[in-house]
Structures are given as structure tokens and as C-alpha cells.
Amino acid sequence: MIDSSDSALTPAPRIDFGRKVRRLRLLNAWVRVDVRVAGVCVLLAALAVVIGVASLTNGEYPLTVRQVWEALTSGVTDFTHTVVVEWRMPRALAAITFGAALGASGAVFQSLTRNPLASPDILGFSSGAYTGAIVVMIVFGGNYVDVAIGAFVGGLASAAVVYLLAFKGGVQGFRLIISGIAVSAMLSSLNTWLTLTADLDTALVAAVWGAGSLNGMTWSQTGLGSLLVVVLLIVTLAFARPLRQLELGDDAAQALGVRVEPARLALMLASVGLIAVVTAAAGPISFIALAAPQIARRVTGSAGVSVLSSAMMGAVLLSASDFVALHALPAMLPVGTVTVVIGGGYLIWLLIYEARRRG
């Protein structure tokens, strides 16, 4: 016999309906949108804009937010307009777009390899882009466009070598990481040798550029680089749908109807393109691609990394790093130096977190 009084006092068990998802119609197609991920992306985008505005107002010629707004909208070409539009805005915009490119590229490779330590800079693609740029500087003495093309070709060539070395009836994540680390070590040695054999002026330019810096960014660099980043981000997001299935393994992805190798190759090409564009414009900037996807995954509470949230987190990290490099230290440093410090802290935290989780 059931005691009606006890059953009335006992709360009914809660039913877990999973994460809130909304279906939106976009270009004649239905898209499932995770509400929490979308909210985090909006907040991260707003934070990146706030940091960008702070970068526009701070400096040797301090400005108010109202002065920045008037410089952008009034059409008056005075000194304030020059400071805001010509000097500071290219750098602030580059920090946002290039950070987004690094975060998205890291998310793709960590998802493909199912390894949180896999990022384009560790897999050797940044080193390959650096090699291409140095070769153009030393051998051809090219301008910015030539260096950008050399970096892009170098990044794609290193990705092709890593892909072929890792391919054995398909590409496995572990083989890809080992091949990438080996190629990265070889290219780093080659880059050092090329720098040592170059004349002094070229070697100094290559060394400063190789530290990863947004100093001296102009609209010719930021405009072209940001345009390419936006195009490649759209391509990456368009091909990102099979990532969840690929994380389950090749056999499971094939069973779910995913053409594994074409999808993987398209994602790798788009991601290498993102890295190559950033490296061509600003040099190899380390650790943003490594840290942004994992930080975004924990903030959003997702089971896997998301390309969009990783891109937003990358924009915030690189913008904040560039602000620190410009204003928070006694001397102005290349932003690559600050991101290395952030990356080192991230790796230490990751080691402690994994040790506690397993202990």
C-alpha cells in the first residue's frame, strides 16, 4: 500500500533535458544554436570591443571615449583623427581579428587530433610559415606582400609534409602530433641557420618579426589580413559541422555519413590558411591557438571545443596581451613575448589540474 502522505512530501526527481538549444533558420537551412555558447560568445565579443576601445584611448596621447567616437564619426582629419584612425585602430583591429584566427585554428586541430596540446604552433605550421617568410626576406628581399605569400606557401608546405608523414590509411591524431613536433624541430633549426647566415640588417628584421609583434601595423597589413581572416573563418565555420562526429573516431564518423578524409583535409587547409595569414602579418604568435580553445570549452561548459567560442576567446586573449605589452609594462614588448608568458601559465595550470583530477 502506498503512503500518500510520504509521496506528497518527496520531491519528484528532476529530469535532465540537456543543454538549451534553439533552432534558427539561416540561408534556407536550419541551424542548432547552443544558448549558453551563444551567450558566452556575445560576452566575449563585447569584452574584445571594450579592450579595443581601451587601446584606442590609452597611450602617450591619452583620449576620452567621446574624443575617439568623434574622431571616427565627425569626418574631421585633425591630429586626433590621425592618432585614432591611422595609428591605433589598425593595431587594435589586428589584435581582435588575428586572435580570432588563432583561436579558431587551434580549435580545429585540437578537435581533429582529440588532444588539448595540439595547436598549429606545436604542429609546426607556424614554423613553416616563418621559414617561408625568412626565405623571401633573405633570398628575394621581398616587400610585405612577397613576405605574406612566402609565409602562406611555407605554412601550407609544412602542413602538407606533416599530413603525408602522418597518413597511413588515414590520419590518426597521435601520428599527426608526433610528425608535427618532429617537423617543427627541424624547421626551427633551419630558421635559426637562415637567420645566422643572413646579413645583419635582414637578420635583425627577421628576429624582431619572429618574436611576433603588432608594432607598426598599418591599414595595408591589417586590412588585407583581416579580410582574409574573415573569409577563412567563414569557410572554417562552414566545414566545422562534422567536427563533433570526427571527435568520435573515424569509424563512427563514417557510420554517421561523414566523408572523413575530405572533411579533415578541408578543415586543415582552412586552419593552416588562418595561421599563415597571421604569421605573414605579425610573425609567429605562440600559445593563443593552444590556450584559447580549452579556456573557451571550460567557460561554455561544452563537452568539446567550439570553433566560434574559441575564436572569440582568442580575440580577447590577444587583445588583452597586446594591451599589456603596450601599457602595463615599463617598456613596450612584442605581443608574442606576453603570449608566451600566458601560455606558460596555462600549461602549468593544465598540469596541476590534470594531476588533481587523476589523483
# chains A, B, ... in the order shown; residues from 1 in each chain; ligands from 1

$ closest_atom_pairs --of "stretch 44-162 of chain A" --to "stretch 185-205 of chain A" --cutoff "9 Å" --atoms "only C-alpha atoms" --output "JSON lines"
{"residue": "A:Gly124", "atom": "CA", "partner": "A:Leu187", "partner_atom": "CA", "distance": 7.6}
{"residue": "A:Ser127", "atom": "CA", "partner": "A:Leu187", "partner_atom": "CA", "distance": 6.0}
{"residue": "A:Gly128", "atom": "CA", "partner": "A:Leu187", "partner_atom": "CA", "distance": 6.5}
{"residue": "A:Tyr130", "atom": "CA", "partner": "A:Asn191", "partner_atom": "CA", "distance": 7.5}
{"residue": "A:Thr131", "atom": "CA", "partner": "A:Asn191", "partner_atom": "CA", "distance": 5.8}
{"residue": "A:Ile134", "atom": "CA", "partner": "A:Leu194", "partner_atom": "CA", "distance": 7.3}
{"residue": "A:Val135", "atom": "CA", "partner": "A:Leu194", "partner_atom": "CA", "distance": 7.7}
{"residue": "A:Met137", "atom": "CA", "partner": "A:Thr202", "partner_atom": "CA", "distance": 7.0}
{"residue": "A:Ile138", "atom": "CA", "partner": "A:Ala198", "partner_atom": "CA", "distance": 6.3}
{"residue": "A:Gly141", "atom": "CA", "partner": "A:Thr202", "partner_atom": "CA", "distance": 8.6}
{"residue": "A:Ser158", "atom": "CA", "partner": "A:Leu187", "partner_atom": "CA", "distance": 8.8}

$ select_by_dssp --residues "stretch 149-339 of chain A" --states "alpha helix (DSSP H)" --output "JSON, numbers by chain"
{"A": [149, 150, 151, 152, 153, 154, 155, 156, 157, 158, 159, 160, 161, 162, 163, 164, 165, 166, 173, 174, 175, 176, 177, 178, 179, 180, 181, 182, 183, 184, 185, 186, 187, 188, 189, 190, 191, 192, 193, 194, 195, 196, 197, 200, 201, 202, 203, 204, 205, 206, 207, 208, 209, 210, 219, 220, 221, 222, 223, 224, 225, 226, 227, 228, 229, 230, 231, 232, 233, 234, 235, 236, 237, 238, 239, 243, 244, 245, 246, 247, 250, 251, 252, 253, 254, 255, 260, 261, 262, 263, 264, 265, 266, 267, 268, 269, 270, 271, 272, 273, 274, 275, 276, 277, 278, 279, 280, 281, 282, 288, 289, 290, 291, 292, 293, 294, 295, 296, 297, 298, 299, 300, 307, 308, 309, 310, 311, 312, 313, 314, 315, 316, 317, 318, 319, 320, 321, 322, 323, 335, 336, 337, 338, 339]}

$ closest_residue --among "A:Leu112, A:Ala46, A:Ala281, A:Ile295" --to "A:Leu243" --atoms "only C-alpha atoms"
A:Leu112

$ residues_around --residues "stretch 250-267 of chain A" --least-positions-apart "6" --cutoff "8 Å" --atoms "only C-alpha atoms" --output "PDB file with C-alpha atoms, in the first residue's frame"
ATOM      1  CA  VAL A 108      40.065  22.763 -35.334  1.00  0.00           C
ATOM      2  CA  LEU A 112      40.748  16.730 -35.150  1.00  0.00           C
ATOM      3  CA  GLY A 170      44.030   7.820 -42.794  1.00  0.00           C
ATOM      4  CA  THR A 236      36.112  27.086 -41.369  1.00  0.00           C
ATOM      5  CA  PHE A 239      33.121  22.972 -42.682  1.00  0.00           C
ATOM      6  CA  ALA A 240      33.067  22.744 -38.864  1.00  0.00           C
ATOM      7  CA  PRO A 242      31.472  17.301 -38.950  1.00  0.00           C
TER       8      PRO A 242
END

$ residues_around --residues "stretch 81-94 of chain A" --least-positions-apart "6" --cutoff "8 Å" --atoms "only C-alpha atoms" --output "PyMOL selection string"
chain A and resi 52+55-56+68+71-72+214-219+222-223+225-226+319

$ write_last_selection --atoms "N, CA, C and O atoms" --output "PDB file, in the first residue's frame"
ATOM      1  N   GLY A  52      39.496  46.798 -27.080  1.00  0.00           N
ATOM      2  CA  GLY A  52      39.882  47.583 -28.252  1.00  0.00           C
ATOM      3  C   GLY A  52      39.691  49.074 -28.027  1.00  0.00           C
ATOM      4  O   GLY A  52      40.555  49.896 -28.403  1.00  0.00           O
ATOM      5  N   SER A  55      42.399  50.351 -25.883  1.00  0.00           N
ATOM      6  CA  SER A  55      43.639  50.532 -26.649  1.00  0.00           C
ATOM      7  C   SER A  55      43.623  51.827 -27.452  1.00  0.00           C
ATOM      8  O   SER A  55      44.669  52.459 -27.655  1.00  0.00           O
ATOM      9  N   LEU A  56      42.429  52.238 -27.908  1.00  0.00           N
ATOM     10  CA  LEU A  56      42.330  53.479 -28.671  1.00  0.00           C
ATOM     11  C   LEU A  56      42.462  54.716 -27.794  1.00  0.00           C
ATOM     12  O   LEU A  56      42.910  55.773 -28.250  1.00  0.00           O
ATOM     13  N   VAL A  68      37.392  59.673 -29.080  1.00  0.00           N
ATOM     14  CA  VAL A  68      37.560  58.577 -30.041  1.00  0.00           C
ATOM     15  C   VAL A  68      36.344  58.464 -30.937  1.00  0.00           C
ATOM     16  O   VAL A  68      36.451  58.312 -32.164  1.00  0.00           O
ATOM     17  N   ALA A  71      36.322  61.252 -33.424  1.00  0.00           N
ATOM     18  CA  ALA A  71      37.339  61.049 -34.460  1.00  0.00           C
ATOM     19  C   ALA A  71      36.872  60.049 -35.514  1.00  0.00           C
ATOM     20  O   ALA A  71      37.231  60.151 -36.692  1.00  0.00           O
ATOM     21  N   LEU A  72      36.059  59.087 -35.082  1.00  0.00           N
ATOM     22  CA  LEU A  72      35.583  58.065 -36.005  1.00  0.00           C
ATOM     23  C   LEU A  72      34.390  58.524 -36.830  1.00  0.00           C
ATOM     24  O   LEU A  72      34.172  58.023 -37.943  1.00  0.00           O
ATOM     25  N   LEU A 214      52.808  43.216 -33.085  1.00  0.00           N
ATOM     26  CA  LEU A 214      51.829  44.038 -33.790  1.00  0.00           C
ATOM     27  C   LEU A 214      52.317  45.479 -33.911  1.00  0.00           C
ATOM     28  O   LEU A 214      51.542  46.354 -34.322  1.00  0.00           O
ATOM     29  N   ASN A 215      53.576  45.723 -33.543  1.00  0.00           N
ATOM     30  CA  ASN A 215      54.111  47.080 -33.647  1.00  0.00           C
ATOM     31  C   ASN A 215      54.143  47.524 -35.107  1.00  0.00           C
ATOM     32  O   ASN A 215      54.521  46.756 -35.997  1.00  0.00           O
ATOM     33  N   GLY A 216      53.773  48.765 -35.322  1.00  0.00           N
ATOM     34  CA  GLY A 216      53.862  49.331 -36.659  1.00  0.00           C
ATOM     35  C   GLY A 216      52.840  48.808 -37.644  1.00  0.00           C
ATOM     36  O   GLY A 216      53.045  48.908 -38.858  1.00  0.00           O
ATOM     37  N   MET A 217      51.749  48.227 -37.153  1.00  0.00           N
ATOM     38  CA  MET A 217      50.713  47.740 -38.065  1.00  0.00           C
ATOM     39  C   MET A 217      50.059  48.912 -38.791  1.00  0.00           C
ATOM     40  O   MET A 217      49.707  49.920 -38.185  1.00  0.00           O
ATOM     41  N   THR A 218      49.903  48.760 -40.103  1.00  0.00           N
ATOM     42  CA  THR A 218      49.247  49.792 -40.912  1.00  0.00           C
ATOM     43  C   THR A 218      47.990  49.198 -41.537  1.00  0.00           C
ATOM     44  O   THR A 218      47.757  47.988 -41.495  1.00  0.00           O
ATOM     45  N   TRP A 219      47.191  50.067 -42.156  1.00  0.00           N
ATOM     46  CA  TRP A 219      45.949  49.586 -42.764  1.00  0.00           C
ATOM     47  C   TRP A 219      46.232  48.625 -43.914  1.00  0.00           C
ATOM     48  O   TRP A 219      45.415  47.751 -44.216  1.00  0.00           O
ATOM     49  N   THR A 222      46.737  45.368 -41.872  1.00  0.00           N
ATOM     50  CA  THR A 222      45.547  44.971 -41.126  1.00  0.00           C
ATOM     51  C   THR A 222      44.360  44.738 -42.048  1.00  0.00           C
ATOM     52  O   THR A 222      43.605  43.767 -41.868  1.00  0.00           O
ATOM     53  N   GLY A 223      44.179  45.617 -43.028  1.00  0.00           N
ATOM     54  CA  GLY A 223      43.015  45.492 -43.897  1.00  0.00           C
ATOM     55  C   GLY A 223      43.023  44.199 -44.685  1.00  0.00           C
ATOM     56  O   GLY A 223      42.045  43.437 -44.669  1.00  0.00           O
ATOM     57  N   GLY A 225      44.939  41.508 -44.156  1.00  0.00           N
ATOM     58  CA  GLY A 225      44.957  40.356 -43.250  1.00  0.00           C
ATOM     59  C   GLY A 225      43.595  40.082 -42.636  1.00  0.00           C
ATOM     60  O   GLY A 225      43.153  38.929 -42.578  1.00  0.00           O
ATOM     61  N   SER A 226      42.897  41.128 -42.190  1.00  0.00           N
ATOM     62  CA  SER A 226      41.585  40.937 -41.572  1.00  0.00           C
ATOM     63  C   SER A 226      40.574  40.418 -42.585  1.00  0.00           C
ATOM     64  O   SER A 226      39.723  39.576 -42.255  1.00  0.00           O
ATOM     65  N   SER A 319      43.986  40.544 -27.685  1.00  0.00           N
ATOM     66  CA  SER A 319      43.770  41.976 -27.412  1.00  0.00           C
ATOM     67  C   SER A 319      44.296  42.354 -26.029  1.00  0.00           C
ATOM     68  O   SER A 319      44.970  43.385 -25.869  1.00  0.00           O
TER      69      SER A 319
END

$ atom_distance --atom1 "atom CA of A:Arg356" --atom2 "atom CA of A:Ala291"
19.3 Å

$ closest_residue --among "A:Gly75, A:Gly336, A:Gly249, A:Gly273" --to "A:Ala211" --atoms "only C-alpha atoms"
A:Gly336

$ atom_distance --atom1 "atom CA of A:Val316" --atom2 "atom CA of A:Ala54"
12.6 Å

$ closest_residue --among "A:Pro120, A:Gly180, A:Gly99, A:Gly39" --to "A:Thr339" --atoms "only C-alpha atoms"
A:Gly99

$ residues_around --residues "A:Val305" --least-positions-apart "4" --cutoff "7 Å" --atoms "only C-alpha atoms" --output "ChimeraX atom specification"
/A:107,111,293-294,297

$ write_last_selection --atoms "all heavy atoms" --output "mmCIF file, in the first residue's frame"
data_model
loop_
_atom_site.group_PDB
_atom_site.id
_atom_site.type_symbol
_atom_site.label_atom_id
_atom_site.label_comp_id
_atom_site.auth_asym_id
_atom_site.auth_seq_id
_atom_site.Cartn_x
_atom_site.Cartn_y
_atom_site.Cartn_z
ATOM 1 N N ALA A 107 41.264 25.449 -32.307
ATOM 2 C CA ALA A 107 40.086 24.613 -32.019
ATOM 3 C C ALA A 107 39.951 23.489 -33.036
ATOM 4 O O ALA A 107 39.641 22.347 -32.679
ATOM 5 C CB ALA A 107 38.829 25.478 -32.015
ATOM 6 N N SER A 111 40.414 19.566 -32.023
ATOM 7 C CA SER A 111 39.265 18.694 -32.235
ATOM 8 C C SER A 111 39.620 17.527 -33.152
ATOM 9 O O SER A 111 39.221 16.389 -32.905
ATOM 10 C CB SER A 111 38.111 19.516 -32.837
ATOM 11 O OG SER A 111 36.967 18.714 -32.985
ATOM 12 N N PRO A 293 41.128 27.564 -27.130
ATOM 13 C CA PRO A 293 40.042 26.573 -27.220
ATOM 14 C C PRO A 293 39.710 25.918 -25.882
ATOM 15 O O PRO A 293 38.524 25.712 -25.569
ATOM 16 C CB PRO A 293 40.597 25.552 -28.222
ATOM 17 C CG PRO A 293 41.606 26.294 -29.023
ATOM 18 C CD PRO A 293 42.231 27.240 -28.060
ATOM 19 N N GLN A 294 40.730 25.598 -25.080
ATOM 20 C CA GLN A 294 40.467 24.917 -23.817
ATOM 21 C C GLN A 294 39.835 25.850 -22.788
ATOM 22 O O GLN A 294 38.967 25.440 -22.011
ATOM 23 C CB GLN A 294 41.774 24.327 -23.269
ATOM 24 C CG GLN A 294 42.336 23.209 -24.127
ATOM 25 C CD GLN A 294 41.357 22.062 -24.304
ATOM 26 O OE1 GLN A 294 40.728 21.624 -23.339
ATOM 27 N NE2 GLN A 294 41.211 21.585 -25.534
ATOM 28 N N ARG A 297 36.270 26.200 -23.855
ATOM 29 C CA ARG A 297 35.487 24.993 -23.554
ATOM 30 C C ARG A 297 35.052 24.957 -22.099
ATOM 31 O O ARG A 297 33.927 24.582 -21.781
ATOM 32 C CB ARG A 297 36.323 23.750 -23.881
ATOM 33 C CG ARG A 297 35.579 22.438 -23.668
ATOM 34 C CD ARG A 297 36.424 21.261 -24.123
ATOM 35 N NE ARG A 297 37.514 20.986 -23.219
ATOM 36 C CZ ARG A 297 37.402 20.260 -22.102
ATOM 37 N NH1 ARG A 297 36.227 19.740 -21.771
ATOM 38 N NH2 ARG A 297 38.440 20.047 -21.337
#

$ closest_residue --among "A:Gly59, A:Gly106, A:Gly212, A:Gly343" --to "A:Thr279" --atoms "only C-alpha atoms"
A:Gly212

$ residues_around --residues "A:Tyr346" --least-positions-apart "4" --cutoff "10 Å" --atoms "only C-alpha atoms" --output "PyMOL selection string"
chain A and resi 287+290-292+294-295+340-342+350-352

$ atom_distance --atom1 "atom CA of A:Phe98" --atom2 "atom CA of A:Ile275"
8.7 Å
